[in-house]
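What follows is one structure encoded as C-alpha cells, with my remarks underneath.
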Amino acid sequence: MSGWVNAARQVLRWLIFVLMRLCYRLQVHGSEHIPRQGGALVVCNHVSFMDALVLGGASPRPLRFVMDQPIFDSPWLKWWFQLVGAIPIESERRSPGALRRALDDVSAALRQGQVVMVFPEGRLTPDGEIHAFRRGLEAILARDDVPVIPAGLAGLWGSWTSHHDGKALKKCPKRFRAPVSLHFGPPLNRLDADDIALRRFLEARVRALKAAADQDLSSRR
C-alpha cells in the first residue's frame, strides 16, 4: 500500500471518528485490544448501515471492511469505498469465483499487516438480535492465522439505518445523539478452538460483548 493511500486512510479515520462523536454519544471499551501493528481480523454483530463507520472511527487503526458487491457498486459512494479500501464480495450464484477473489483480497490485506473487519452474520439483523454466523471465517483463518478481535455493538437498533420498523434507509431519521456502546474483546487465535467450533466460539464471544454493551447503555439511561 502506497504511503499516500495510508496517509489518506489515517485522515479519513480521524474524520470518521469526529463525525461519529458528533452523531452519537459513543462510548468505546477495549480498543487497546486491536494490535498496534500487523494483520488482524475484527468481527462484530451487524445492526445498521452505520456500523462500519462506528467501528472505523472507534478503531485506533484504519479498517478495511468486507461489504456486499451491490452496495460497493453504488454510483454515489463507490469512490469512497475504494478510497477506504473496502473489499467487495459477491455471491457465487451471481459471479462464479467471487468468493475466492474476495478471500484473496482479504488474505492480501492481512499479509500486508492491515486490519480487516467482517460482519459474520452476512446481513443486517432483522430483529435487533444476533443471528447465526455464516461460513467464511474458517476459510479466512485457514489461509492466515491472525489475531481475531471480537466486538459487540449496541444502540443503533431503532435508527433509520437499521431494519427497525421497516427497511433501513426508507424512514425519516428520528434520533440524534443517541447513546451507542461498542465493546472490543481480547484477541483470539485460531488455536483457541478447533476449526469445527471456531465459528460458534466467536459467535459466543460477540454475543457476550453485545450483552456488555447493552448493559452499558442501560446504566447510562
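Scheme for the C-alpha cells: letters A, B, ... for chains in order shown; per-chain residue numbers from 1; ligand numbers from 1 in order shown.
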
Quick one: contact table of region 96-196 of chain A to region 4-11 of chain A, 12 Å max, nearest atom pair and distance in Å to one decimal per residue, counting only C-alpha atoms, chain and number order, as a Markdown table?
| residue | atom | partner | partner_atom | distance |
| --- | --- | --- | --- | --- |
| A:Gln112 | CA | A:Asn6 | CA | 11.8 |
| A:Gly113 | CA | A:Asn6 | CA | 11.9 |
| A:Gln114 | CA | A:Asn6 | CA | 10.2 |

Contacts between region 127-149 of chain A and region 178-218 of chain A, please, where a residue of region 178-218 of chain A counts if it comes within 6 Å (with only C-alpha atoms); show its shortest atom pair and distance in Å to one decimal, rows by chain and ascending number, as JSON lines.
{"residue": "A:Pro187", "atom": "CA", "partner": "A:Ile149", "partner_atom": "CA", "distance": 4.4}
{"residue": "A:Leu188", "atom": "CA", "partner": "A:Val148", "partner_atom": "CA", "distance": 5.0}
{"residue": "A:Asn189", "atom": "CA", "partner": "A:Pro147", "partner_atom": "CA", "distance": 5.1}

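What separates CA of Leu169 (chain A) from CA of Gln27 (chain A) is a distance of 24.2 Å.
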
Original post:
Using the chain letters and numbers from this document, which residues of region 11-216 of chain A does DSSP assign to strand (DSSP E or B), as a ChimeraX atom specification?
Top reply: /A:24-29,40-44,48,63-68,87-89,115-118,148-154,162,178-184,188

I need the chosen residues saved as a short mmCIF file (atom, residue, chain, number, x, y, z; two decimals), in the first residue's frame, with N, CA and C atoms.
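Dumped everything to again02.cif:
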data_model
loop_
_atom_site.label_atom_id
_atom_site.label_comp_id
_atom_site.auth_asym_id
_atom_site.auth_seq_id
_atom_site.Cartn_x
_atom_site.Cartn_y
_atom_site.Cartn_z
N TYR A 24 -23.39 10.53 17.55
CA TYR A 24 -23.79 9.64 18.63
C TYR A 24 -23.03 9.97 19.91
N ARG A 25 -23.63 9.61 21.04
CA ARG A 25 -22.92 9.64 22.31
C ARG A 25 -22.23 8.28 22.46
N LEU A 26 -21.12 8.17 21.79
CA LEU A 26 -20.43 6.89 21.63
C LEU A 26 -19.45 6.65 22.76
N GLN A 27 -19.55 5.46 23.35
CA GLN A 27 -18.57 5.01 24.32
C GLN A 27 -17.91 3.75 23.78
N VAL A 28 -16.59 3.74 23.81
CA VAL A 28 -15.82 2.62 23.28
C VAL A 28 -15.01 1.99 24.41
N HIS A 29 -15.08 0.67 24.50
CA HIS A 29 -14.33 -0.06 25.51
C HIS A 29 -13.44 -1.09 24.82
N ALA A 40 -4.78 -8.27 11.39
CA ALA A 40 -5.76 -8.71 12.37
C ALA A 40 -7.14 -8.68 11.74
N LEU A 41 -8.05 -9.46 12.31
CA LEU A 41 -9.42 -9.54 11.81
C LEU A 41 -10.37 -9.12 12.93
N VAL A 42 -11.26 -8.17 12.65
CA VAL A 42 -12.28 -7.74 13.60
C VAL A 42 -13.62 -8.30 13.17
N VAL A 43 -14.35 -8.94 14.09
CA VAL A 43 -15.68 -9.48 13.78
C VAL A 43 -16.68 -8.85 14.74
N CYS A 44 -17.84 -8.46 14.21
CA CYS A 44 -18.82 -7.74 15.02
C CYS A 44 -20.23 -8.09 14.55
N SER A 48 -26.79 -1.94 11.76
CA SER A 48 -27.25 -0.90 10.85
C SER A 48 -26.19 -0.60 9.79
N LEU A 63 -9.56 0.54 9.24
CA LEU A 63 -10.14 -0.77 8.99
C LEU A 63 -10.53 -0.91 7.53
N ARG A 64 -10.25 -2.06 6.97
CA ARG A 64 -10.76 -2.39 5.64
C ARG A 64 -11.91 -3.36 5.83
N PHE A 65 -13.12 -2.93 5.46
CA PHE A 65 -14.28 -3.76 5.75
C PHE A 65 -14.77 -4.49 4.50
N VAL A 66 -15.27 -5.70 4.73
CA VAL A 66 -15.83 -6.53 3.66
C VAL A 66 -17.30 -6.16 3.51
N MET A 67 -17.75 -5.93 2.27
CA MET A 67 -19.13 -5.49 2.04
C MET A 67 -19.69 -6.11 0.78
N ASP A 68 -21.02 -6.11 0.68
CA ASP A 68 -21.69 -6.68 -0.50
C ASP A 68 -21.33 -5.89 -1.76
N ILE A 87 -13.55 -4.10 0.74
CA ILE A 87 -13.35 -5.32 -0.05
C ILE A 87 -14.72 -5.86 -0.43
N PRO A 88 -15.11 -5.78 -1.70
CA PRO A 88 -16.45 -6.24 -2.11
C PRO A 88 -16.50 -7.76 -2.21
N ILE A 89 -17.68 -8.30 -1.91
CA ILE A 89 -17.88 -9.74 -2.05
C ILE A 89 -19.23 -9.97 -2.71
N VAL A 115 -5.74 -4.26 9.03
CA VAL A 115 -6.83 -4.77 9.85
C VAL A 115 -8.09 -4.84 8.98
N VAL A 116 -8.68 -6.02 8.92
CA VAL A 116 -9.89 -6.26 8.11
C VAL A 116 -11.06 -6.51 9.05
N MET A 117 -12.21 -5.94 8.72
CA MET A 117 -13.41 -6.11 9.52
C MET A 117 -14.47 -6.85 8.73
N VAL A 118 -15.11 -7.82 9.37
CA VAL A 118 -16.19 -8.56 8.72
C VAL A 118 -17.39 -8.62 9.66
N VAL A 148 -7.87 -12.53 16.03
CA VAL A 148 -9.26 -12.17 15.75
C VAL A 148 -9.80 -11.40 16.95
N ILE A 149 -10.24 -10.17 16.71
CA ILE A 149 -10.76 -9.33 17.78
C ILE A 149 -12.28 -9.30 17.69
N PRO A 150 -13.00 -9.94 18.63
CA PRO A 150 -14.46 -9.88 18.62
C PRO A 150 -14.94 -8.54 19.14
N ALA A 151 -16.10 -8.10 18.67
CA ALA A 151 -16.66 -6.82 19.10
C ALA A 151 -18.17 -6.94 19.19
N GLY A 152 -18.75 -6.23 20.14
CA GLY A 152 -20.20 -6.19 20.31
C GLY A 152 -20.69 -4.76 20.28
N LEU A 153 -21.71 -4.49 19.46
CA LEU A 153 -22.22 -3.14 19.24
C LEU A 153 -23.68 -3.06 19.67
N ALA A 154 -24.02 -1.99 20.39
CA ALA A 154 -25.41 -1.79 20.84
C ALA A 154 -25.76 -0.31 20.75
N SER A 162 -31.24 1.12 10.44
CA SER A 162 -31.46 -0.27 10.81
C SER A 162 -32.80 -0.72 10.23
N ALA A 178 -27.94 9.68 19.78
CA ALA A 178 -28.35 8.50 20.54
C ALA A 178 -27.13 7.88 21.22
N PRO A 179 -27.32 7.29 22.41
CA PRO A 179 -26.21 6.60 23.07
C PRO A 179 -25.87 5.30 22.34
N VAL A 180 -24.61 5.09 22.08
CA VAL A 180 -24.12 3.89 21.39
C VAL A 180 -22.93 3.36 22.17
N SER A 181 -22.88 2.05 22.32
CA SER A 181 -21.78 1.42 23.06
C SER A 181 -21.12 0.36 22.19
N LEU A 182 -19.80 0.36 22.19
CA LEU A 182 -19.02 -0.61 21.41
C LEU A 182 -17.97 -1.22 22.32
N HIS A 183 -17.97 -2.54 22.40
CA HIS A 183 -17.01 -3.26 23.23
C HIS A 183 -16.15 -4.17 22.37
N PHE A 184 -14.83 -3.97 22.40
CA PHE A 184 -13.88 -4.88 21.79
C PHE A 184 -13.40 -5.87 22.86
N LEU A 188 -8.37 -13.36 19.90
CA LEU A 188 -8.36 -14.82 19.92
C LEU A 188 -7.46 -15.30 18.80
#

**OP:** Point out the residue among A:Phe72, A:Phe81, A:Trp160, A:Phe176 with the least atom-to-atom distance to Leu53 (chain A), counting only C-alpha atoms.
**Re:**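 When distances to Leu53 (chain A) are compared using only C-alpha atoms, the smallest one comes from A:Phe81.
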